[in-house]
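Engineer: Sharing run.txt here; it has compact mmCIF, C-alpha atoms.
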```txt
# COMPACT_ATOMS: atom_id res chain seq x y z
CA MET A 241 -11.14 -56.15 -34.77
CA GLU A 242 -10.08 -53.67 -37.47
CA TRP A 243 -13.11 -51.51 -36.69
CA ASN A 244 -12.27 -51.42 -32.97
CA ARG A 245 -8.72 -50.35 -33.79
CA ALA A 246 -9.94 -47.66 -36.21
CA ARG A 247 -12.42 -46.40 -33.63
CA GLY A 248 -9.64 -46.17 -31.04
CA ILE A 249 -7.46 -44.16 -33.44
CA LEU A 250 -10.39 -41.85 -34.27
CA ILE A 251 -11.08 -41.18 -30.59
CA ALA A 252 -7.41 -40.43 -29.97
CA VAL A 253 -7.31 -38.00 -32.91
CA LEU A 254 -10.45 -36.22 -31.67
CA LEU A 255 -8.96 -35.88 -28.19
CA LEU A 256 -5.79 -34.38 -29.64
CA VAL A 257 -7.84 -31.93 -31.73
CA ASN A 258 -9.87 -30.89 -28.66
CA LEU A 259 -6.69 -30.38 -26.64
CA PHE A 260 -5.22 -28.27 -29.44
CA LEU A 261 -8.35 -26.12 -29.68
CA PHE A 262 -8.48 -25.69 -25.91
CA GLY A 263 -4.82 -24.65 -25.82
CA SER A 264 -5.36 -22.22 -28.68
CA GLY A 265 -8.37 -20.71 -26.93
CA GLN A 266 -6.44 -20.30 -23.69
CA SER A 267 -3.58 -18.66 -25.58
CA VAL A 268 -5.92 -16.16 -27.26
CA ARG A 269 -7.61 -15.37 -23.93
CA ARG A 270 -4.21 -14.90 -22.32
CA GLN A 271 -3.19 -12.46 -25.04
CA LYS A 272 -6.39 -10.47 -24.44
CA THR A 273 -5.96 -10.29 -20.66
CA ARG A 274 -2.17 -9.92 -20.43
CA LEU A 275 -0.90 -6.35 -20.47
CA PRO A 276 2.17 -5.55 -22.63
CA GLU A 277 5.37 -5.22 -20.63
CA ASP A 278 6.38 -1.98 -22.35
CA TYR A 279 3.01 -0.52 -21.28
CA ILE A 280 3.74 -1.46 -17.66
CA GLN A 281 7.20 0.12 -17.75
CA THR A 282 5.91 3.31 -19.41
CA VAL A 283 3.26 3.72 -16.72
CA ALA A 284 5.76 3.01 -13.93
CA ALA A 285 7.98 5.82 -15.25
CA ALA A 286 4.99 8.18 -15.55
CA LEU A 287 3.98 7.41 -11.96
CA GLU A 288 7.43 8.33 -10.69
CA ARG A 289 7.22 11.65 -12.53
CA ARG A 290 3.97 12.27 -10.66
CA GLY A 291 5.68 11.60 -7.32
CA LEU A 292 4.42 8.05 -6.82
CA GLU A 293 7.24 5.58 -6.27
CA ILE A 294 6.53 1.99 -7.25
CA ASP A 295 8.49 -1.11 -8.14
CA SER A 296 7.09 -2.10 -11.54
CA ALA A 297 7.03 -5.73 -10.35
CA LEU A 298 4.14 -4.76 -8.03
CA ILE A 299 1.87 -3.73 -10.93
CA PRO A 300 -0.53 -6.59 -11.81
CA ARG A 301 0.01 -7.81 -15.38
CA ASP A 302 -3.57 -8.89 -16.17
CA ARG A 303 -6.86 -7.15 -16.84
CA ILE A 304 -9.67 -8.13 -14.51
CA PHE A 305 -13.11 -9.50 -15.44
CA LEU A 306 -15.33 -9.41 -12.38
CA PRO A 307 -19.06 -8.71 -11.96
CA ARG A 308 -20.72 -5.97 -9.96
CA LEU A 309 -22.73 -7.54 -7.12
CA THR A 310 -26.03 -6.48 -5.59
CA ILE A 311 -26.41 -7.92 -2.09
CA SER A 312 -29.52 -8.07 0.10
CA THR A 313 -28.87 -7.29 3.78
CA GLY A 314 -32.30 -7.18 5.43
CA GLY A 315 -32.40 -9.89 8.12
CA ALA A 316 -29.50 -11.70 6.46
CA LEU A 317 -27.54 -12.28 9.68
CA GLN A 318 -30.41 -13.85 11.66
CA PRO A 319 -29.23 -17.45 11.02
CA LEU A 320 -25.77 -16.49 12.28
CA ILE A 321 -27.19 -14.80 15.39
CA GLU A 322 -29.17 -17.96 16.19
CA ALA A 323 -26.07 -20.10 15.68
CA LEU A 324 -23.97 -17.89 17.96
CA LEU A 325 -26.63 -17.93 20.69
CA GLN A 326 -27.45 -21.64 20.12
CA GLN A 327 -31.17 -20.86 19.98
CA GLN A 328 -33.70 -18.56 18.37
CA ALA A 329 -33.27 -15.57 20.66
CA PRO A 330 -35.67 -12.61 20.42
CA ALA A 331 -34.41 -9.05 20.44
CA THR A 332 -34.20 -7.93 24.07
CA LEU A 333 -33.36 -4.26 23.64
CA VAL A 334 -33.12 -1.70 20.84
CA GLU A 335 -30.83 1.31 21.38
CA GLY A 336 -30.69 3.64 18.39
CA ASP A 337 -29.55 1.52 15.44
CA ALA A 338 -28.28 -1.32 17.69
CA THR A 339 -30.35 -4.38 18.56
CA HIS A 340 -29.38 -6.69 21.45
CA TYR A 341 -30.02 -10.44 21.47
CA SER A 342 -29.18 -12.71 24.38
CA SER A 343 -29.33 -16.31 25.57
CA PRO A 344 -27.44 -18.43 28.10
CA ALA A 345 -24.73 -18.78 25.42
CA GLY A 346 -23.99 -15.04 25.37
CA GLU A 347 -25.06 -11.75 23.80
CA VAL A 348 -25.09 -10.45 20.22
CA VAL A 349 -25.27 -6.73 19.50
CA LEU A 350 -26.34 -6.08 15.91
CA LEU A 351 -24.94 -2.60 15.23
CA THR A 352 -26.20 -2.42 11.63
CA GLN A 353 -27.68 -5.00 9.27
CA THR A 354 -24.13 -6.22 8.55
CA ASP A 355 -22.09 -5.34 11.68
CA LEU A 356 -22.20 -7.27 14.93
CA VAL A 357 -20.39 -8.04 18.18
CA PHE A 358 -20.77 -11.42 19.90
CA THR A 359 -19.80 -11.84 23.55
CA PRO A 360 -19.90 -15.49 24.66
CA SER A 361 -20.87 -16.30 28.24
CA GLU A 362 -17.78 -18.48 28.66
CA PRO A 363 -15.18 -19.44 27.75
CA ALA A 364 -13.65 -16.76 25.51
CA LEU A 365 -13.76 -17.63 21.80
CA ASP A 366 -10.75 -18.98 19.92
CA LEU A 367 -10.40 -19.07 16.14
CA PRO A 368 -11.41 -22.74 15.59
CA GLU A 369 -14.56 -22.26 17.67
CA ALA A 370 -15.36 -19.02 15.85
CA LEU A 371 -15.07 -20.82 12.50
CA ARG A 372 -17.33 -23.62 13.77
CA LEU A 373 -20.02 -21.12 14.82
CA LEU A 374 -19.72 -19.24 11.54
CA GLY A 375 -20.21 -22.54 9.74
CA GLN A 376 -23.39 -23.20 11.70
CA GLY A 377 -24.59 -19.75 10.69
CA GLY A 378 -24.20 -20.44 6.97
CA PHE A 379 -20.63 -19.24 6.38
CA HIS A 380 -18.01 -21.70 5.12
CA ARG A 381 -14.27 -21.90 5.77
CA GLY A 382 -13.67 -21.17 2.10
CA ASP A 383 -15.51 -17.85 2.53
CA PHE A 384 -12.54 -16.48 4.49
CA ALA A 385 -8.80 -15.91 4.28
CA GLU A 386 -6.96 -15.94 7.59
CA LEU A 387 -5.03 -12.75 8.40
CA GLU A 388 -2.63 -11.81 11.18
CA GLY A 389 -4.05 -10.87 14.55
CA GLN A 390 -6.83 -13.50 14.63
CA ARG A 391 -8.73 -11.88 11.77
CA LEU A 392 -10.68 -13.46 8.93
CA GLN A 393 -11.08 -11.60 5.61
CA GLN A 394 -14.35 -12.35 3.83
CA LEU A 395 -14.07 -13.42 0.17
CA TYR A 396 -16.37 -13.70 -2.82
CA GLU A 397 -15.07 -16.39 -5.17
CA ASP A 398 -11.51 -15.87 -3.87
CA THR A 399 -11.63 -12.06 -4.17
CA PRO A 400 -11.41 -10.13 -0.84
CA ILE A 401 -14.27 -7.80 0.09
CA ASP A 402 -12.82 -4.60 1.50
CA GLY A 403 -13.75 -4.03 5.14
CA CYS A 404 -15.67 -7.31 5.45
CA GLY A 405 -14.63 -10.07 7.81
CA VAL A 406 -14.34 -10.67 11.53
CA ALA A 407 -11.78 -10.36 14.29
CA LEU A 408 -11.37 -11.97 17.70
CA LEU A 409 -10.82 -9.22 20.25
CA GLY A 410 -10.55 -10.23 23.88
CA GLY A 411 -12.53 -13.40 23.26
CA ARG A 412 -15.31 -11.51 21.44
CA LEU A 413 -16.21 -11.85 17.78
CA THR A 414 -16.76 -8.59 15.93
CA GLY A 415 -16.86 -7.41 12.34
CA ARG A 416 -18.90 -6.96 9.18
CA LEU A 417 -20.34 -9.90 7.24
CA LEU A 418 -22.27 -10.18 4.00
CA VAL A 419 -24.45 -13.14 3.04
CA LEU A 420 -23.32 -14.05 -0.47
CA ASP A 421 -25.30 -17.19 -1.26
CA ALA A 422 -27.07 -15.69 -4.28
CA PRO A 423 -26.03 -12.11 -5.04
CA GLN A 424 -27.20 -10.53 -8.28
CA ALA A 425 -24.06 -10.46 -10.45
CA VAL A 426 -23.87 -8.18 -13.51
CA TYR A 427 -20.80 -7.78 -15.69
CA PRO A 428 -20.11 -4.16 -16.74
CA GLU A 429 -20.90 -3.26 -20.35
CA THR A 430 -17.48 -1.62 -20.75
CA ASP A 431 -14.03 -2.92 -19.87
CA LEU A 432 -12.94 -2.41 -16.30
CA ILE A 433 -10.11 0.01 -15.59
CA ASP A 434 -6.80 -1.87 -15.77
CA PRO A 435 -4.20 -1.79 -12.94
CA PRO A 436 -1.81 0.77 -14.54
CA ASN A 437 -4.65 3.23 -15.19
CA ALA A 438 -5.94 2.70 -11.66
CA LEU A 439 -2.50 3.71 -10.36
CA MET A 440 -2.52 6.78 -12.60
CA LEU A 441 -5.93 7.80 -11.22
CA PHE A 442 -4.64 7.27 -7.69
CA ALA A 443 -1.53 9.37 -8.39
CA ALA A 444 -3.70 12.16 -9.82
CA ALA A 445 -6.02 12.10 -6.79
CA GLN A 446 -3.12 12.17 -4.35
CA GLY A 447 -0.91 14.58 -6.31
CA ALA A 448 -2.18 17.80 -4.77
CA SER A 449 -1.53 16.60 -1.21
CA ALA A 450 1.62 14.53 -1.84
CA PRO A 451 4.60 15.84 0.19
CA SER A 452 8.01 16.48 -1.28
CA GLY A 453 9.62 13.15 -2.11
CA GLY A 454 6.30 11.55 -3.09
CA ARG A 455 4.66 8.38 -1.85
CA THR A 456 5.72 4.78 -2.03
CA VAL A 457 3.35 2.03 -3.16
CA LEU A 458 3.83 -1.15 -1.14
CA GLY A 459 1.24 -3.33 -2.83
CA VAL A 460 -1.62 -3.49 -5.34
CA SER A 461 -4.40 -6.08 -5.11
CA VAL A 462 -7.89 -6.69 -6.50
CA VAL A 463 -10.81 -6.41 -4.08
CA TYR A 464 -14.51 -5.63 -3.98
CA ARG A 465 -15.51 -2.13 -2.83
CA ILE A 466 -18.75 -1.89 -0.82
CA GLY A 467 -21.27 0.87 -1.48
CA ALA A 468 -24.85 1.58 -0.40
CA GLN A 469 -27.67 1.24 -2.92
CA GLY A 470 -30.88 1.16 -0.89
CA LEU A 471 -32.31 0.58 2.57
CA ASN A 472 -31.66 -3.18 2.51
CA THR A 473 -29.20 -3.40 -0.37
CA LEU A 474 -25.46 -3.00 -0.83
CA THR A 475 -23.33 -3.10 -3.95
CA ALA A 476 -19.89 -4.63 -4.34
CA THR A 477 -17.84 -3.22 -7.21
CA PRO A 478 -14.46 -4.51 -8.48
CA ALA A 479 -11.68 -2.23 -7.26
CA TYR A 480 -7.95 -2.03 -6.64
CA ARG A 481 -6.56 -1.75 -3.12
CA ILE A 482 -3.38 0.34 -3.22
CA THR A 483 -1.29 0.16 -0.06
CA THR A 484 1.18 2.96 0.70
CA GLU A 485 3.28 3.87 3.72
CA ARG A 486 0.53 6.34 4.61
CA GLY A 487 -2.37 3.89 4.44
CA ALA A 488 -4.51 1.92 1.99
CA TYR A 489 -6.85 3.31 -0.67
CA LEU A 490 -9.37 1.96 -3.18
CA VAL A 491 -9.71 2.82 -6.86
CA ASP A 492 -13.10 1.73 -8.23
CA ALA A 493 -12.49 -0.28 -11.41
CA VAL A 494 -15.76 0.97 -12.94
CA SER A 495 -15.95 4.66 -12.02
CA GLY A 496 -12.31 5.37 -11.14
CA ALA A 497 -13.35 6.95 -7.82
CA VAL A 498 -10.63 6.98 -5.16
CA SER A 499 -11.54 6.42 -1.49
CA PRO A 500 -9.89 5.19 1.72
CA SER A 501 -9.83 1.44 2.30
CA THR A 502 -11.76 0.07 5.28
CA ASP A 503 -9.95 -2.41 7.49
CA ILE A 504 -11.43 -5.20 9.60
CA PRO A 505 -11.97 -3.77 13.12
CA ALA A 506 -8.88 -3.77 15.31
CA GLU A 507 -10.85 -2.75 18.41
CA LEU A 508 -14.38 -2.94 19.76
CA PRO A 509 -16.81 -0.02 19.43
CA PRO A 510 -16.22 2.42 22.33
CA ASP A 511 -19.58 1.75 24.02
CA LEU A 512 -18.92 -2.02 23.95
CA THR A 513 -15.36 -1.92 25.26
CA PRO A 514 -15.11 -3.84 28.55
```
Please express the file's structure as structure tokens.

Structural biologist:
Amino acid sequence: MEWNRARGILIAVLLLVNLFLFGSGQSVRRQKTRLPEDYIQTVAAALERRGLEIDSALIPRDRIFLPRLTISTGGALQPLIEALLQQQAPATLVEGDATHYSSPAGEVVLLTQTDLVFTPSEPALDLPEALRLLGQGGFHRGDFAELEGQRLQQLYEDTPIDGCGVALLGGRLTGRLLVLDAPQAVYPETDLIDPPNALMLFAAAQGASAPSGGRTVLGVSVVYRIGAQGLNTLTATPAYRITTERGAYLVDAVSGAVSPSTDIPAELPPDLTP
């Protein structure tokens, strides 16, 4: 009886020690990732001097730790094409870079290895049906965040992938999709650029063309930036999406390169417009 009681006390003590160590570890990690508030305010003031207006509350307070992804694209969308057409449909026509597939269920035009347009025979698609078909093609509901205008933003482990996702336009499904079941993930050897420095790089890149009165930053978020690596390979690099009243831009968190952001299509390609 005494031994059972002593064993219970020992287990309780060990649990308390483990909880203490876990809490201490989380606190240390938080101190390493959290950016000092005086640093944030100093950068916000420097940005305003460079003509970039920003509410300091919009600047993310944490460093990011995300891998660089290498993604295979060759033939990756074939399971989705078969799900959309409800059968294994052969290519019926190749026009330039576009390949057409058809079945009684409708037609898929594969514009590139990652970009497609699906036109159902009938009825026109709605969002629940689109999600069901995406699920049959290997994409899960958790792979997307729902946006305004019947659009779905593609995610990788909760981080948006710039320019990737689909939209429902006139009952058609169109967009860019990446198959992310097993991408090669490599963490950079050096620390990623933090949010304040990304904003400074953006201000420097925009400074020469900024009009009198400067620009206003409306939001800063973490995304993946897509780049080409080879014939059947893309890369996805951690980046910051900076939204201004003039548009959205990306700052690569590895290289610091600044480029325009790519939105999910708001209209069909001209040659596919009804």

Engineer: Skipping near chain neighbours, those fewer than 6 positions away, what residues fall within 12 Å of Leu387 in chain A using only C-alpha atoms, listed as JSON, numbers by chain?

Structural biologist: {"A": [367, 393, 394, 400, 405, 406, 407, 408, 503, 504, 506]}

Engineer: Pick out the residues sitting within 7 Å of Glu507 in chain A, and hand them over as a PyMOL selection string; count all atoms listed in the file, and ignore anything fewer than 2 positions along from it in its own chain.

Structural biologist: chain A and resi 409+505+509

Engineer: Can you pull out every residue within 8 Å of Thr339 in chain A, counting only C-alpha atoms, but drop anything in the same chain fewer than 5 positions away, and send it as an MDAnalysis selection string?

Structural biologist: chainID A and resid 331:334 349:351

Engineer: Just give me the gap between CA of Leu356 in chain A and CA of Leu306 in chain A in Å, one decimal is fine.

Structural biologist: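 About the pair CA of Leu356 in chain A and CA of Leu306 in chain A: they are 28.2 Å apart.
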
Engineer: Please measure the separation of CA of Leu441 in chain A and CA of Leu418 in chain A, giving the value in Å to one decimal.

Structural biologist: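 Going from CA of Leu441 in chain A over to CA of Leu418 in chain A, I get 28.7 Å.
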
Engineer: What separation in Å, quoted to one decimal, exists between CA of Val462 in chain A and CA of Ile299 in chain A?

Structural biologist: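 CA of Ile299 in chain A lies at a distance of 11.1 Å from CA of Val462 in chain A.
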
Engineer: Please list as a PyMOL selection string every residue within 12 Å of Ala438 in chain A, counting only C-alpha atoms and excluding residues in the same chain fewer than 3 positions away.

Structural biologist: chain A and resi 283-284+287+299-300+303-304+432-435+441-445+460-462+478-482+489-498

Engineer: Produce a table with one row for each residue of range 306-390 of chain A that has an atom at most 6 Å from any atom of range 420-427 of chain A, each row naming the nearest atom pair and its distance in Å at one decimal; use all atoms listed in the file; arrange rows by chain and rising residue number; format as a Markdown table.

Structural biologist:
```
| residue | atom | partner | partner_atom | distance |
| --- | --- | --- | --- | --- |
| A:Pro307 | CA | A:Tyr427 | CA | 4.2 |
| A:Arg308 | CA | A:Val426 | CA | 5.2 |
| A:Leu309 | CA | A:Ala425 | CA | 4.6 |
| A:Thr310 | CA | A:Gln424 | CA | 5.0 |
| A:Ile311 | CA | A:Pro423 | CA | 5.1 |
```

Engineer: From the structure block, carefully write range 322-445 of chain A out with C-alpha atoms; format it as a PDB file, in the first residue's frame.

Structural biologist:
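And here is the file that came out, decode.pdb:
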```
ATOM      1  CA  GLU A 322      -9.788  11.822 -64.382  1.00  0.00           C
ATOM      2  CA  ALA A 323     -11.872  12.787 -61.342  1.00  0.00           C
ATOM      3  CA  LEU A 324     -13.304  15.843 -63.095  1.00  0.00           C
ATOM      4  CA  LEU A 325     -14.193  13.840 -66.209  1.00  0.00           C
ATOM      5  CA  GLN A 326     -15.349  10.800 -64.176  1.00  0.00           C
ATOM      6  CA  GLN A 327     -13.240   8.474 -66.309  1.00  0.00           C
ATOM      7  CA  GLN A 328      -9.757   8.017 -67.727  1.00  0.00           C
ATOM      8  CA  ALA A 329     -10.064  10.317 -70.720  1.00  0.00           C
ATOM      9  CA  PRO A 330      -7.310  10.408 -73.357  1.00  0.00           C
ATOM     10  CA  ALA A 331      -6.017  13.683 -74.732  1.00  0.00           C
ATOM     11  CA  THR A 332      -8.193  14.622 -77.706  1.00  0.00           C
ATOM     12  CA  LEU A 333      -6.316  17.639 -79.039  1.00  0.00           C
ATOM     13  CA  VAL A 334      -3.031  19.437 -78.445  1.00  0.00           C
ATOM     14  CA  GLU A 335      -2.840  23.140 -79.361  1.00  0.00           C
ATOM     15  CA  GLY A 336       0.518  24.714 -78.560  1.00  0.00           C
ATOM     16  CA  ASP A 337       1.092  24.162 -74.837  1.00  0.00           C
ATOM     17  CA  ALA A 338      -2.593  23.327 -74.171  1.00  0.00           C
ATOM     18  CA  THR A 339      -3.938  19.774 -74.073  1.00  0.00           C
ATOM     19  CA  HIS A 340      -7.690  19.057 -74.283  1.00  0.00           C
ATOM     20  CA  TYR A 341      -9.384  16.131 -72.530  1.00  0.00           C
ATOM     21  CA  SER A 342     -13.077  15.340 -72.841  1.00  0.00           C
ATOM     22  CA  SER A 343     -15.762  12.908 -71.720  1.00  0.00           C
ATOM     23  CA  PRO A 344     -19.551  13.011 -71.350  1.00  0.00           C
ATOM     24  CA  ALA A 345     -18.932  14.809 -68.023  1.00  0.00           C
ATOM     25  CA  GLY A 346     -17.258  17.788 -69.698  1.00  0.00           C
ATOM     26  CA  GLU A 347     -13.930  19.088 -70.977  1.00  0.00           C
ATOM     27  CA  VAL A 348     -10.602  19.862 -69.284  1.00  0.00           C
ATOM     28  CA  VAL A 349      -8.055  22.127 -70.943  1.00  0.00           C
ATOM     29  CA  LEU A 350      -4.607  21.679 -69.399  1.00  0.00           C
ATOM     30  CA  LEU A 351      -2.896  24.993 -70.178  1.00  0.00           C
ATOM     31  CA  THR A 352       0.395  24.103 -68.453  1.00  0.00           C
ATOM     32  CA  GLN A 353       1.419  21.270 -66.145  1.00  0.00           C
ATOM     33  CA  THR A 354      -0.218  23.165 -63.261  1.00  0.00           C
ATOM     34  CA  ASP A 355      -2.941  25.334 -64.883  1.00  0.00           C
ATOM     35  CA  LEU A 356      -6.299  24.045 -66.062  1.00  0.00           C
ATOM     36  CA  VAL A 357      -9.870  24.967 -66.957  1.00  0.00           C
ATOM     37  CA  PHE A 358     -12.729  22.508 -66.433  1.00  0.00           C
ATOM     38  CA  THR A 359     -16.053  23.027 -68.205  1.00  0.00           C
ATOM     39  CA  PRO A 360     -18.738  20.600 -66.979  1.00  0.00           C
ATOM     40  CA  SER A 361     -21.372  19.396 -69.428  1.00  0.00           C
ATOM     41  CA  GLU A 362     -24.158  20.328 -67.011  1.00  0.00           C
ATOM     42  CA  PRO A 363     -25.101  21.670 -64.599  1.00  0.00           C
ATOM     43  CA  ALA A 364     -22.719  24.538 -63.822  1.00  0.00           C
ATOM     44  CA  LEU A 365     -20.401  23.838 -60.882  1.00  0.00           C
ATOM     45  CA  ASP A 366     -21.011  25.228 -57.405  1.00  0.00           C
ATOM     46  CA  LEU A 367     -18.432  25.381 -54.626  1.00  0.00           C
ATOM     47  CA  PRO A 368     -19.511  22.222 -52.710  1.00  0.00           C
ATOM     48  CA  GLU A 369     -19.431  20.168 -55.916  1.00  0.00           C
ATOM     49  CA  ALA A 370     -16.052  21.631 -56.864  1.00  0.00           C
ATOM     50  CA  LEU A 371     -14.656  20.634 -53.457  1.00  0.00           C
ATOM     51  CA  ARG A 372     -16.074  17.123 -53.862  1.00  0.00           C
ATOM     52  CA  LEU A 373     -14.381  16.709 -57.258  1.00  0.00           C
ATOM     53  CA  LEU A 374     -11.116  18.114 -55.935  1.00  0.00           C
ATOM     54  CA  GLY A 375     -11.303  15.567 -53.130  1.00  0.00           C
ATOM     55  CA  GLN A 376     -11.718  12.751 -55.631  1.00  0.00           C
ATOM     56  CA  GLY A 377      -8.660  14.061 -57.444  1.00  0.00           C
ATOM     57  CA  GLY A 378      -6.448  13.864 -54.356  1.00  0.00           C
ATOM     58  CA  PHE A 379      -6.927  17.343 -52.881  1.00  0.00           C
ATOM     59  CA  HIS A 380      -8.413  17.718 -49.401  1.00  0.00           C
ATOM     60  CA  ARG A 381     -10.606  20.448 -47.916  1.00  0.00           C
ATOM     61  CA  GLY A 382      -7.787  21.322 -45.542  1.00  0.00           C
ATOM     62  CA  ASP A 383      -5.574  22.085 -48.564  1.00  0.00           C
ATOM     63  CA  PHE A 384      -7.581  25.266 -49.208  1.00  0.00           C
ATOM     64  CA  ALA A 385      -8.742  28.472 -47.572  1.00  0.00           C
ATOM     65  CA  GLU A 386     -11.990  29.906 -48.900  1.00  0.00           C
ATOM     66  CA  LEU A 387     -11.755  33.451 -50.275  1.00  0.00           C
ATOM     67  CA  GLU A 388     -14.342  35.924 -51.513  1.00  0.00           C
ATOM     68  CA  GLY A 389     -15.719  35.503 -55.008  1.00  0.00           C
ATOM     69  CA  GLN A 390     -15.952  31.687 -54.951  1.00  0.00           C
ATOM     70  CA  ARG A 391     -12.183  31.256 -54.839  1.00  0.00           C
ATOM     71  CA  LEU A 392     -10.076  28.705 -52.982  1.00  0.00           C
ATOM     72  CA  GLN A 393      -6.490  29.556 -51.959  1.00  0.00           C
ATOM     73  CA  GLN A 394      -4.156  26.552 -51.925  1.00  0.00           C
ATOM     74  CA  LEU A 395      -2.149  26.021 -48.717  1.00  0.00           C
ATOM     75  CA  TYR A 396       0.895  24.043 -47.658  1.00  0.00           C
ATOM     76  CA  GLU A 397       0.665  23.254 -43.950  1.00  0.00           C
ATOM     77  CA  ASP A 398      -1.559  26.317 -43.393  1.00  0.00           C
ATOM     78  CA  THR A 399       0.702  28.698 -45.356  1.00  0.00           C
ATOM     79  CA  PRO A 400      -0.830  30.164 -48.570  1.00  0.00           C
ATOM     80  CA  ILE A 401       0.934  29.513 -51.876  1.00  0.00           C
ATOM     81  CA  ASP A 402       0.942  32.711 -53.895  1.00  0.00           C
ATOM     82  CA  GLY A 403      -1.036  32.432 -57.128  1.00  0.00           C
ATOM     83  CA  CYS A 404      -2.157  28.846 -56.454  1.00  0.00           C
ATOM     84  CA  GLY A 405      -5.784  27.882 -56.020  1.00  0.00           C
ATOM     85  CA  VAL A 406      -8.954  27.767 -58.069  1.00  0.00           C
ATOM     86  CA  ALA A 407     -11.929  29.959 -58.864  1.00  0.00           C
ATOM     87  CA  LEU A 408     -15.454  29.270 -60.079  1.00  0.00           C
ATOM     88  CA  LEU A 409     -16.129  31.512 -63.065  1.00  0.00           C
ATOM     89  CA  GLY A 410     -19.447  31.115 -64.835  1.00  0.00           C
ATOM     90  CA  GLY A 411     -19.791  27.541 -63.617  1.00  0.00           C
ATOM     91  CA  ARG A 412     -16.266  26.632 -64.781  1.00  0.00           C
ATOM     92  CA  LEU A 413     -13.366  25.668 -62.553  1.00  0.00           C
ATOM     93  CA  THR A 414     -10.060  27.343 -63.368  1.00  0.00           C
ATOM     94  CA  GLY A 415      -6.760  27.971 -61.639  1.00  0.00           C
ATOM     95  CA  ARG A 416      -3.321  26.665 -60.738  1.00  0.00           C
ATOM     96  CA  LEU A 417      -2.814  23.638 -58.495  1.00  0.00           C
ATOM     97  CA  LEU A 418       0.257  21.941 -57.084  1.00  0.00           C
ATOM     98  CA  VAL A 419       0.362  18.349 -55.860  1.00  0.00           C
ATOM     99  CA  LEU A 420       1.985  18.568 -52.425  1.00  0.00           C
ATOM    100  CA  ASP A 421       1.783  15.008 -51.120  1.00  0.00           C
ATOM    101  CA  ALA A 422       5.552  14.594 -50.762  1.00  0.00           C
ATOM    102  CA  PRO A 423       7.530  17.697 -51.722  1.00  0.00           C
ATOM    103  CA  GLN A 424      11.240  17.780 -50.972  1.00  0.00           C
ATOM    104  CA  ALA A 425      11.526  20.188 -48.020  1.00  0.00           C
ATOM    105  CA  VAL A 426      14.883  21.765 -47.120  1.00  0.00           C
ATOM    106  CA  TYR A 427      15.372  24.332 -44.373  1.00  0.00           C
ATOM    107  CA  PRO A 428      17.734  27.189 -45.324  1.00  0.00           C
ATOM    108  CA  GLU A 429      21.203  27.119 -43.769  1.00  0.00           C
ATOM    109  CA  THR A 430      20.878  30.779 -42.749  1.00  0.00           C
ATOM    110  CA  ASP A 431      18.065  32.576 -40.945  1.00  0.00           C
ATOM    111  CA  LEU A 432      15.228  33.782 -43.115  1.00  0.00           C
ATOM    112  CA  ILE A 433      14.755  37.518 -43.561  1.00  0.00           C
ATOM    113  CA  ASP A 434      12.477  38.811 -40.797  1.00  0.00           C
ATOM    114  CA  PRO A 435       9.314  40.882 -41.490  1.00  0.00           C
ATOM    115  CA  PRO A 436      10.798  44.341 -40.663  1.00  0.00           C
ATOM    116  CA  ASN A 437      13.787  43.763 -42.964  1.00  0.00           C
ATOM    117  CA  ALA A 438      11.462  42.491 -45.691  1.00  0.00           C
ATOM    118  CA  LEU A 439       9.557  45.781 -45.464  1.00  0.00           C
ATOM    119  CA  MET A 440      12.814  47.730 -45.657  1.00  0.00           C
ATOM    120  CA  LEU A 441      13.797  45.817 -48.803  1.00  0.00           C
ATOM    121  CA  PHE A 442      10.375  46.505 -50.272  1.00  0.00           C
ATOM    122  CA  ALA A 443      10.644  50.223 -49.457  1.00  0.00           C
ATOM    123  CA  ALA A 444      14.088  50.363 -51.090  1.00  0.00           C
ATOM    124  CA  ALA A 445      12.830  48.604 -54.229  1.00  0.00           C
TER     125      ALA A 445
END
```
